[in-house]
Amino acid sequence: MTEVFDRLLATAMDRWAELNARPWIRVSTGMMGTAAGARDTLGALRHDVAQSGIQATISEVGTTGLCYAEPLVDVSIPGGARVLYANLGPERVPEIVERHIKGGQPVLEFALASVDSDVRGLPRREQLPMMQHQVRIALRNAGEIEPANLYHYIARGGFAGLDKALNEMQPDEVVQEVRNSGLRGRGGAAFSTGTKWSFLAGNPSPSKYILCNCEEGDPGAFNDKTILDTDPLTLIEGCIIAGYATGASNGIVFIRHGHDSPIERTRAAIRACYSNGILGRRVMGTDFSFDIEVSLVGESYVAGEETALMEAVEGKRSMPRFRPPFPAAYGVWGKPSNINNIKTISYVPEIIRRGAAWFNGIGTEKSSGTAIACLSGDILYPGLVEVPFGLTMRQVVEDLGGGDPDGKQIKFLQTGGPLGGVLPAEQLDMVLDYDAMAAAGAMFGSGGLIVCNETRSVVDLVRNLLAFDQMESCGKCFPCRLGTSHLLEVLDRICAGESHDGDMDLMARIGANLRAGSLCGHGQLGYNPVDSALKHFGDEFLAQMGGYSPLSIPRFVGPLTTRRGAQADGETPTARVKLDFVVKLEPVALTNAVLEAD
């Protein structure tokens, strides 16, 4: 243990003990809490606590993931109960202050759960439906600490992994430990993180970059933003460890414009690290130096593609680069670079602290660790969950999410973001595993799960996804620029009941061109929503088209192959595709064919 870390740890433990020696009120004021009115609740708490004369600490924290319960207020009393209060508006604050904070008696009628101890009449937090099955690693501090408070983070085990890496391990040992853990890229490509790091570590350049991607512009996904909103220090620690392992000198955290709370909290956390010798020259008193900065990019979904992000940070338009050269050889500013998703890097501190075998013991054989899923749509408990790989989609949606709030049947899930597809209810027993899902033609992507009940129209949803994809195309390559526009035109016709009898064939041919000719994953995956919807809900398209029945529905066949070697996190295999179908459309009689769209 370095002298710097030893001193910080001692101070952190002292301050943590002082913090818990008096009433501590944690208010969830991240993006979800603020949207639900948490700022008004926070103001009321500060006013009423001050008026009461109670010596209490009021902290702003990020969401616990229980988004349906926001505004969420966590009240802890020394020697008494720690209780979570759900949907707490300012009008309820006086009673909480008087009865619980001042009188020591929880207000059960507003309470959601107890934490760390039993309270008669309340479930424990881990007994809540949304908390069952969860194993929290990247989200271990969510709702527990002030996001940019260095001492809070260290008191809960923070920077122990970095201290271990710097003092007990060589850089190549850190790379191998991450490889042995089985950690795979959480941005969607699921490529081995340790292997990817080895590409950069093998480059002898004295100036190299670690890049962290929080562009996250896809509908239904909010896990990257949540990590930065609740615990940006875990990302910073992981980034420094990655820098040490690969010999990098600089780190850049890409955050999309408009994500104000994650931006502010990440910047504050970086300042705290510089002030305490954890960033800059001689990290923790060692010979290793590392700098980190925040770069604001985005308002373009394609900016999430790794080379497009590099273009954006250089002040250019977010457009993918031709490859090779790959980022490990020529990245941002022409320097060798490694880019990972925020979630990927956030697992690293605990992997180094606890060891590869610990992480590899969670999940499945080929998908180690946990997955962070964002639940939204027709779901009783919308929010964020971190569960081990190996659970089924049904467990995530029905057990943790509670199913449809009105008891309607779940019809399908939209997974993998706007370039993903639809998963019918019949496949909800699919195991959460990268390879198992890929074999079934599904994508977990960055973790967004939009739940749709029996009243939802698959055709309308797919049209909306294509509208998003078409609008967000950067336009650099014409297969994507024109192909997404043409697909949207066809889907507009279908939704308007004005389809042509060759539209199914036309969409398949456009999709083949998109996949074979597009420069990056945005175009290569652009046909996925249509392709998966036709596979599982072809009859619904036919009904919307007004009575045409295909003798065969156009489908892609043939293997996906990678071009120019192994794919990396955020990169998409180039497809070699062929079409082996003949489409013949015949008018048929339809009964109850037109589905009601919500």
# chains A, B, ... in the order shown; residues from 1 in each chain; ligands from 1
>>> closest_atom_pairs(of="stretch 307-422 of chain A", to="stretch 230-254 of chain A", cutoff="10 Å", atoms="only C-alpha atoms", output="Markdown table")
| residue | atom | partner | partner_atom | distance |
| --- | --- | --- | --- | --- |
| A:Leu309 | CA | A:Phe254 | CA | 7.7 |
| A:Met310 | CA | A:Phe254 | CA | 9.3 |
| A:Ala312 | CA | A:Phe254 | CA | 9.4 |
| A:Val313 | CA | A:Phe254 | CA | 8.0 |
| A:Val332 | CA | A:Ile252 | CA | 9.8 |
| A:Pro336 | CA | A:Ala248 | CA | 8.7 |
| A:Ser337 | CA | A:Ala248 | CA | 8.2 |
| A:Asn338 | CA | A:Thr246 | CA | 9.0 |
| A:Ile339 | CA | A:Ile252 | CA | 9.4 |
| A:Asn340 | CA | A:Cys239 | CA | 9.6 |
| A:Asn341 | CA | A:Phe254 | CA | 9.8 |
| A:Ile342 | CA | A:Leu235 | CA | 6.7 |
| A:Lys343 | CA | A:Leu235 | CA | 8.0 |
| A:Thr344 | CA | A:Gly238 | CA | 8.9 |
| A:Ile345 | CA | A:Gly238 | CA | 5.2 |
| A:Ser346 | CA | A:Leu235 | CA | 4.7 |
| A:Tyr347 | CA | A:Gly238 | CA | 7.3 |
| A:Val348 | CA | A:Gly238 | CA | 5.2 |
| A:Pro349 | CA | A:Gly238 | CA | 5.3 |
| A:Glu350 | CA | A:Gly238 | CA | 8.9 |
| A:Ile351 | CA | A:Gly238 | CA | 9.7 |
| A:Ile352 | CA | A:Ile241 | CA | 8.8 |
>>> residues_around(residues="A:Arg271", least_positions_apart="6", cutoff="12 Å", atoms="only C-alpha atoms", output="ChimeraX atom specification")
/A:148-150,232-233,236,264-265,277-280,291-294
>>> residues_around(residues="stretch 512-516 of chain A", least_positions_apart="5", cutoff="6 Å", atoms="only C-alpha atoms", output="list in words")
Pro479, Cys480, Gly523, Gln524 and Ala575 of chain A
>>> atom_distance(atom1="atom CA of A:Pro23", atom2="atom CA of A:His152")
16.0 Å
>>> select_by_dssp(residues="stretch 3-82 of chain A", states="alpha helix (DSSP H)", output="MDAnalysis selection string")
chainID A and resid 3:19 31:35 38:52
>>> closest_residue(among="A:Thr415, A:Gln409, A:Gln132, A:Ser300", to="A:Phe468", atoms="only C-alpha atoms")
A:Ser300
>>> select_by_dssp(residues="stretch 342-559 of chain A", states="strand (DSSP E)", output="ChimeraX atom specification")
/A:370-377,383-388,410-415,421-424,448-453,548-550
>>> residues_around(residues="A:Ala440", least_positions_apart="3", cutoff="12 Å", atoms="only C-alpha atoms", output="CSV table (one decimal) with C-alpha atoms, in the first residue's frame")
chain,number,residue,atom,x,y,z
A,421,GLY,CA,-34.6,-6.4,-33.0
A,422,VAL,CA,-37.7,-7.8,-31.3
A,423,LEU,CA,-37.9,-10.9,-29.1
A,424,PRO,CA,-41.3,-12.5,-29.0
A,427,GLN,CA,-38.7,-16.7,-26.4
A,428,LEU,CA,-38.7,-15.1,-22.9
A,429,ASP,CA,-37.2,-18.2,-21.5
A,430,MET,CA,-34.0,-17.5,-23.4
A,431,VAL,CA,-31.0,-17.4,-21.2
A,432,LEU,CA,-29.2,-14.0,-20.8
A,433,ASP,CA,-25.9,-15.0,-22.5
A,434,TYR,CA,-24.1,-13.2,-25.3
A,435,ASP,CA,-23.6,-16.4,-27.4
A,436,ALA,CA,-26.9,-18.0,-26.7
A,437,MET,CA,-28.7,-14.8,-27.7
A,443,MET,CA,-29.0,-8.9,-29.4
A,444,PHE,CA,-28.6,-7.7,-25.8
A,532,SER,CA,-36.3,-9.8,-36.8
A,535,LYS,CA,-39.2,-13.5,-38.7
A,536,HIS,CA,-41.5,-13.4,-35.6
>>> atom_distance(atom1="atom CA of A:Gly521", atom2="atom CA of A:Leu228")
25.4 Å
>>> closest_residue(among="A:Ala138, A:Ile270, A:Ala81, A:Leu166", to="A:Leu122", atoms="only C-alpha atoms")
A:Ala81
>>> closest_residue(among="A:Gly258, A:Tyr301, A:Phe537, A:Gly383", to="A:Glu70", atoms="only C-alpha atoms")
A:Gly383
>>> residues_around(residues="A:Leu419", least_positions_apart="4", cutoff="8 Å", atoms="only C-alpha atoms", output="JSON, numbers by chain")
{"A": [465, 469, 522, 525, 526, 527, 528, 529]}
>>> residues_around(residues="stretch 104-108 of chain A", least_positions_apart="5", cutoff="10 Å", atoms="only C-alpha atoms", output="PyMOL selection string")
chain A and resi 23+75-85+95-99+113-114+119-122
>>> closest_residue(among="A:Leu400, A:Leu66, A:Leu519, A:Met32", to="A:Met130", atoms="only C-alpha atoms")
A:Leu400
>>> closest_residue(among="A:Ala356, A:Gly285, A:Met507, A:Leu162", to="A:Gly194", atoms="only C-alpha atoms")
A:Ala356
>>> atom_distance(atom1="atom CA of A:Ser52", atom2="atom CA of A:Gly103")
11.3 Å
>>> closest_residue(among="A:Ile510, A:Tyr68, A:Lys196, A:Arg353", to="A:Gly158", atoms="only C-alpha atoms")
A:Arg353
